[in-house]
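K.L.:
I have a structure here, written as structure tokens, and I will follow up with some questions on it.
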Amino acid sequence: MTLIGIIGMAQKIDNSVLFVFFGCFGGFMSLKDFQTFKTFTENKNAWIKSHIGRIVRALIASVTAFMVAGLNIGTTLVWITPTILGTIYIVYWSRKFKTVKYRKIKSTATNIV
């Protein structure tokens, strides 16, 4: 997506910068995902916090897109309100599922004779 945006910007195609922005943003989020997946084995509730956050972020994007593009309401309040409400919801559920670190249990091997 980033490459398509760069080619579009070189050819002076309108809105190509959006491809660059969302391509870079998607790449950054993918790197963060790999880092988060490593912690799933160390943190008990990391996966549910990540999942809830992603679902609510998708809901925020969908509601905002519907209101702006579908209903043709382009005010600043319409752009910001879903983000504020969604962020409050994400914080609420993230606190509800506090991250619990697993304790490593040392095994004591005993020789059975």
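Residue numbering restarts at 1 for every chain of the structure tokens, chains are lettered A, B, ... in their displayed order, and ligands are numbered from 1 as they appear.
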Residues within 9 Å of region 80-84 of chain A, please, as a list in words. Count only C-alpha atoms; anything in the same chain fewer than 2 positions from it doesn't count.
P.N.:
Arg57, Leu59, Ile60, Ala61, Val63, Thr64, Thr75, Thr76, Leu77, Val78, Gly86, Thr87, Ile88 and Tyr89 of chain A
K.L.:
Report the closest atom pair, with its distance in Å rounded to one decimal, for each residue of region 18-69 of chain A that has an atom no farther than 7 Å from region 90-98 of chain A; count only C-alpha atoms, sort by chain and then rising residue number, and write it as a tab-separated table.
P.N.:
```
residue	atom	partner	partner_atom	distance
A:Asn45	CA	A:Phe97	CA	6.4
A:Lys49	CA	A:Ser94	CA	5.6
A:Gly53	CA	A:Ile90	CA	5.8
A:Val56	CA	A:Ile90	CA	6.8
```
K.L.:
Output the selection as a tab-separated table (two decimals), in the first residue's frame - N, CA, C and O atoms for each residue.
P.N.:
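Saved file selection33.tsv follows:
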```
chain	number	residue	atom	x	y	z
A	45	ASN	N	-3.62	-12.32	30.47
A	45	ASN	CA	-4.76	-11.67	29.81
A	45	ASN	C	-4.36	-10.73	28.68
A	45	ASN	O	-5.18	-9.94	28.22
A	49	LYS	N	-7.05	-8.42	26.14
A	49	LYS	CA	-6.95	-6.97	26.08
A	49	LYS	C	-6.68	-6.51	24.66
A	49	LYS	O	-7.28	-5.55	24.18
A	53	GLY	N	-9.39	-4.37	22.37
A	53	GLY	CA	-8.93	-3.11	21.80
A	53	GLY	C	-9.10	-3.04	20.30
A	53	GLY	O	-9.54	-2.04	19.75
A	56	VAL	N	-12.93	-2.76	19.35
A	56	VAL	CA	-13.48	-1.43	19.59
A	56	VAL	C	-12.88	-0.41	18.62
A	56	VAL	O	-13.59	0.48	18.13
```
K.L.:
Within chain A, find each residue whose DSSP state, derived from the backbone, is helix (DSSP H, G or I), and express the selection as a ChimeraX atom specification.
P.N.:
/A:2-10,16-39,46-70,76-96
K.L.:
So that I can check the surroundings of Phe19 (chain A), please list as a PDB file with N, CA, C and O atoms, in the first residue's frame every protein, DNA and RNA residue that reaches within 8 Å of it, counting only C-alpha atoms and ignoring chain neighbours fewer than 5 positions away.
P.N.:
```
ATOM      1  N   MET A   1       0.828  -1.176   0.000  1.00  0.00           N
ATOM      2  CA  MET A   1       0.000   0.000   0.000  1.00  0.00           C
ATOM      3  C   MET A   1       0.887   1.259   0.000  1.00  0.00           C
ATOM      4  O   MET A   1       0.581   2.220  -0.688  1.00  0.00           O
ATOM      5  N   THR A   2       1.949   1.211   0.775  1.00  0.00           N
ATOM      6  CA  THR A   2       2.860   2.352   0.816  1.00  0.00           C
ATOM      7  C   THR A   2       3.491   2.582  -0.543  1.00  0.00           C
ATOM      8  O   THR A   2       3.589   3.729  -0.998  1.00  0.00           O
ATOM      9  N   ILE A   4       2.281   1.768  -3.486  1.00  0.00           N
ATOM     10  CA  ILE A   4       1.266   2.319  -4.390  1.00  0.00           C
ATOM     11  C   ILE A   4       1.103   3.820  -4.148  1.00  0.00           C
ATOM     12  O   ILE A   4       0.979   4.606  -5.087  1.00  0.00           O
ATOM     13  N   GLY A   5       1.119   4.219  -2.878  1.00  0.00           N
ATOM     14  CA  GLY A   5       1.012   5.633  -2.552  1.00  0.00           C
ATOM     15  C   GLY A   5       2.183   6.441  -3.057  1.00  0.00           C
ATOM     16  O   GLY A   5       2.016   7.556  -3.561  1.00  0.00           O
ATOM     17  N   ILE A   6       3.396   5.890  -2.928  1.00  0.00           N
ATOM     18  CA  ILE A   6       4.585   6.598  -3.402  1.00  0.00           C
ATOM     19  C   ILE A   6       4.549   6.747  -4.921  1.00  0.00           C
ATOM     20  O   ILE A   6       4.843   7.820  -5.458  1.00  0.00           O
TER      21      ILE A   6
END
```
K.L.:
What is the CA of Ile13 (chain A)-CA of Leu31 (chain A) distance in Å, reported with one decimal?
P.N.:
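Pair CA of Ile13 (chain A) / CA of Leu31 (chain A) returns 28.7 Å.
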